[in-house]
Amino acid sequence: MTAEALALYGKHFGALVLTCAIALLPATLLAAGAVRFGLATLGRGDFSDARNHSEQIHEKQRELQEKPPASEQARTERVRQLGREAVEGGATFDAQHLLDKAVPIGCAAAIFVLLLLAGLFLAHTAAVPLVLELSRGRLAGPAHAWAAAGSCIGAVLLTGLLSAVLVAFGAIFFVIPGFILAAGFSLAAPLVVVEGLRGRAALERSWRLLAGHWGQALWMWILIVAFTVLASGAARLLPPGPWRPIASALVRALLYPLPLTGLVLIYREIRK
């Protein structure tokens with residue numbers, strides 16, 4: 001399956017990339033924007049509370065040195081009290097600091113996954129009629145692909161959104177459940193375009209049809225994950241700025257059509 005997908009990808013590189021890029025480029029750029037927004041949020045007011053608390057402790061320590069209590073016992077008790085305030089205040093800040101950071105990071109990650117999955121599903125949907133035609137030796141291009149996808153756009157959006165939400169939710173629990181769900185829903189896009197299913201019916205039927213073909217579907221999703229990491233790594237080679245998300249989006253748009261082609265071929269093989 002991989003060899004056939006690679007052959008189609010190499011022979012019809014332009015048509016496949018252009019077809020998928022129409023969905024992938026906007027989705028990946030928006031996803032990158034969500035991550036940048038989350039990271040920017042992290043830099044706001046990081047240590048202001050910590051400085052205020054530390055300054056208060058230092059001020060009380062100076063007062064203790066300048067105006068010590070009359071008795072040694074009172075002085076010792078005051079020192080212990082300042083120690084407790086320093087420790088308790090630091091612990092409170094650490095907990096609040098972690099919570100403040102976890103919320104924007106979690107939101108940014110969830111939005112990133114949702115947008116990326118939505119773009120992948122749309123690109124996969126458009127690739128279905130294109131790959132099926134090309135694999136039969138017939139000429140086809142982006143116009144044919146998106147005309148077929150557009151004819152069932154309501155079902156596409158419903159199924160894609162439901163799939164993305166479920167996979168993103170599964171990814172929250174140590175990533176693996178989300179990865180398994182993504183593989184299990186690999187045939188949903190072809191089922192929407194070819195068989196007219198939608199929503200839950202398409203996702204459930206995809207799961208059932210994959211019996212005996214899980215290894216192939218998982219391999220294609222491993223490639224998608226690998227290309228995602230590769231795109232992020234390639235962007236890191238560039239200096240900070242707007243070119244990083246653009247470069248990452250371009251790498252994904254160039255590479256994702258290969259595993260998406262493979263997923264369509266898996267459906268064709270099952271439905272023979």
# chains A, B, ... in the order shown; residues from 1 in each chain; ligands from 1
$ residues_around --residues "Tyr256 (chain A)" --least-positions-apart "6" --cutoff "10 Å" --atoms "only C-alpha atoms" --output "PDB file with N, CA and C atoms, in the first residue's frame"
ATOM      1  N   LEU A  16      -2.025  16.393  -6.408  1.00  0.00           N
ATOM      2  CA  LEU A  16      -2.306  15.992  -5.030  1.00  0.00           C
ATOM      3  C   LEU A  16      -1.971  17.105  -4.040  1.00  0.00           C
ATOM      4  N   VAL A  17      -0.820  17.718  -4.216  1.00  0.00           N
ATOM      5  CA  VAL A  17      -0.407  18.777  -3.289  1.00  0.00           C
ATOM      6  C   VAL A  17      -1.333  19.982  -3.396  1.00  0.00           C
ATOM      7  N   CYS A  20      -4.789  19.181  -1.754  1.00  0.00           N
ATOM      8  CA  CYS A  20      -4.749  19.133  -0.292  1.00  0.00           C
ATOM      9  C   CYS A  20      -4.367  20.483   0.316  1.00  0.00           C
ATOM     10  N   ALA A  21      -3.525  21.243  -0.374  1.00  0.00           N
ATOM     11  CA  ALA A  21      -3.059  22.522   0.172  1.00  0.00           C
ATOM     12  C   ALA A  21      -4.193  23.520   0.350  1.00  0.00           C
ATOM     13  N   LEU A  24      -5.208  22.462   3.727  1.00  0.00           N
ATOM     14  CA  LEU A  24      -4.158  22.342   4.732  1.00  0.00           C
ATOM     15  C   LEU A  24      -3.498  23.666   5.080  1.00  0.00           C
ATOM     16  N   LEU A 120      -6.884  18.356   7.958  1.00  0.00           N
ATOM     17  CA  LEU A 120      -6.574  17.020   7.423  1.00  0.00           C
ATOM     18  C   LEU A 120      -7.823  16.329   6.891  1.00  0.00           C
ATOM     19  N   ALA A 123      -8.837  17.961   3.606  1.00  0.00           N
ATOM     20  CA  ALA A 123      -7.900  17.574   2.556  1.00  0.00           C
ATOM     21  C   ALA A 123      -8.103  16.110   2.162  1.00  0.00           C
ATOM     22  N   HIS A 124      -8.331  15.263   3.154  1.00  0.00           N
ATOM     23  CA  HIS A 124      -8.588  13.846   2.899  1.00  0.00           C
ATOM     24  C   HIS A 124      -9.857  13.664   2.062  1.00  0.00           C
ATOM     25  N   MET A 220      -0.049   4.873   8.288  1.00  0.00           N
ATOM     26  CA  MET A 220      -0.286   6.156   7.636  1.00  0.00           C
ATOM     27  C   MET A 220      -0.362   7.293   8.659  1.00  0.00           C
ATOM     28  N   TRP A 221      -0.955   7.019   9.821  1.00  0.00           N
ATOM     29  CA  TRP A 221      -1.026   8.049  10.856  1.00  0.00           C
ATOM     30  C   TRP A 221       0.318   8.262  11.532  1.00  0.00           C
ATOM     31  N   LEU A 223       3.049   8.242   9.834  1.00  0.00           N
ATOM     32  CA  LEU A 223       3.656   9.163   8.873  1.00  0.00           C
ATOM     33  C   LEU A 223       3.143  10.589   9.084  1.00  0.00           C
ATOM     34  N   ILE A 224       1.853  10.737   9.328  1.00  0.00           N
ATOM     35  CA  ILE A 224       1.292  12.071   9.561  1.00  0.00           C
ATOM     36  C   ILE A 224       1.931  12.707  10.789  1.00  0.00           C
ATOM     37  N   VAL A 225       2.057  11.943  11.863  1.00  0.00           N
ATOM     38  CA  VAL A 225       2.696  12.468  13.076  1.00  0.00           C
ATOM     39  C   VAL A 225       4.159  12.818  12.799  1.00  0.00           C
ATOM     40  N   ALA A 226       4.858  11.940  12.089  1.00  0.00           N
ATOM     41  CA  ALA A 226       6.268  12.191  11.776  1.00  0.00           C
ATOM     42  C   ALA A 226       6.424  13.447  10.926  1.00  0.00           C
ATOM     43  N   PHE A 227       5.549  13.631   9.941  1.00  0.00           N
ATOM     44  CA  PHE A 227       5.625  14.827   9.097  1.00  0.00           C
ATOM     45  C   PHE A 227       5.287  16.090   9.895  1.00  0.00           C
ATOM     46  N   THR A 228       4.385  15.955  10.871  1.00  0.00           N
ATOM     47  CA  THR A 228       4.053  17.099  11.725  1.00  0.00           C
ATOM     48  C   THR A 228       5.269  17.533  12.528  1.00  0.00           C
TER      49      THR A 228
END
$ residues_around --residues "Ala234 (chain A)" --least-positions-apart "2" --cutoff "9 Å" --atoms "only C-alpha atoms" --output "CSV table (one decimal) with C-alpha atoms, in the first residue's frame"
chain,number,residue,atom,x,y,z
A,229,VAL,CA,7.2,16.9,13.9
A,230,LEU,CA,9.4,17.3,10.8
A,231,ALA,CA,7.6,20.4,9.8
A,232,SER,CA,8.0,21.9,13.3
A,236,ARG,CA,12.9,26.0,14.0
A,237,LEU,CA,15.8,26.3,11.6
A,238,LEU,CA,14.6,29.7,10.5
A,244,ARG,CA,8.4,30.0,10.8
A,247,ALA,CA,7.5,27.2,6.5
A,248,SER,CA,5.9,24.7,8.8
A,251,VAL,CA,6.2,21.4,4.7
$ residues_around --residues "Leu187 (chain A)" --least-positions-apart "6" --cutoff "9 Å" --atoms "only C-alpha atoms" --output "ChimeraX atom specification"
/A:202-203,205-207,209-210,263-264,266-267
$ write_last_selection --atoms "C-alpha atoms" --output "PDB file, in the first residue's frame"
ATOM      1  CA  ALA A 202     -19.607   7.306   9.044  1.00  0.00           C
ATOM      2  CA  LEU A 203     -17.282   7.098  12.058  1.00  0.00           C
ATOM      3  CA  ARG A 205     -18.704   2.214   9.896  1.00  0.00           C
ATOM      4  CA  SER A 206     -15.090   3.308   9.411  1.00  0.00           C
ATOM      5  CA  TRP A 207     -14.169   1.572  12.650  1.00  0.00           C
ATOM      6  CA  LEU A 209     -14.458  -1.691   8.053  1.00  0.00           C
ATOM      7  CA  LEU A 210     -10.879  -1.384   9.312  1.00  0.00           C
ATOM      8  CA  LEU A 263      -5.680   6.168   3.434  1.00  0.00           C
ATOM      9  CA  VAL A 264      -7.789   6.478   0.284  1.00  0.00           C
ATOM     10  CA  ILE A 266      -6.882   1.454   1.984  1.00  0.00           C
ATOM     11  CA  TYR A 267     -10.569   2.256   1.460  1.00  0.00           C
TER      12      TYR A 267
END
$ atom_distance --atom1 "CA of Ser151 (chain A)" --atom2 "CA of Ala183 (chain A)"
25.2 Å
$ closest_residue --among "A:Val193, A:Ala249, A:Ala3, A:Leu122" --to "Leu157 (chain A)" --atoms "only C-alpha atoms"
A:Leu122
$ closest_residue --among "A:Ser186, A:Thr261, A:Ser163, A:Thr2" --to "Val131 (chain A)" --atoms "only C-alpha atoms"
A:Thr261
$ residues_around --residues "His12 (chain A)" --least-positions-apart "4" --cutoff "10 Å" --atoms "only C-alpha atoms" --output "PyMOL selection string"
chain A and resi 6-8+16-17+131+134+139-141
$ write_last_selection --atoms "C-alpha atoms" --output "short mmCIF file (atom, residue, chain, number, x, y, z; two decimals), in the first residue's frame"
data_model
loop_
_atom_site.label_atom_id
_atom_site.label_comp_id
_atom_site.auth_asym_id
_atom_site.auth_seq_id
_atom_site.Cartn_x
_atom_site.Cartn_y
_atom_site.Cartn_z
CA LEU A 6 4.32 6.71 -3.05
CA ALA A 7 4.07 5.96 -6.78
CA LEU A 8 0.84 7.97 -7.13
CA LEU A 16 -2.31 15.99 -5.03
CA VAL A 17 -0.41 18.78 -3.29
CA VAL A 131 -6.97 9.43 -5.80
CA LEU A 134 -5.92 8.62 -10.65
CA LEU A 139 -7.21 12.16 -15.56
CA ALA A 140 -8.43 14.34 -12.69
CA GLY A 141 -7.37 17.47 -10.87
#
$ atom_distance --atom1 "CA of Leu29 (chain A)" --atom2 "CA of Pro245 (chain A)"
6.3 Å
$ closest_residue --among "A:Gly233, A:Pro190, A:Leu265, A:Gly119" --to "Leu30 (chain A)" --atoms "only C-alpha atoms"
A:Gly119
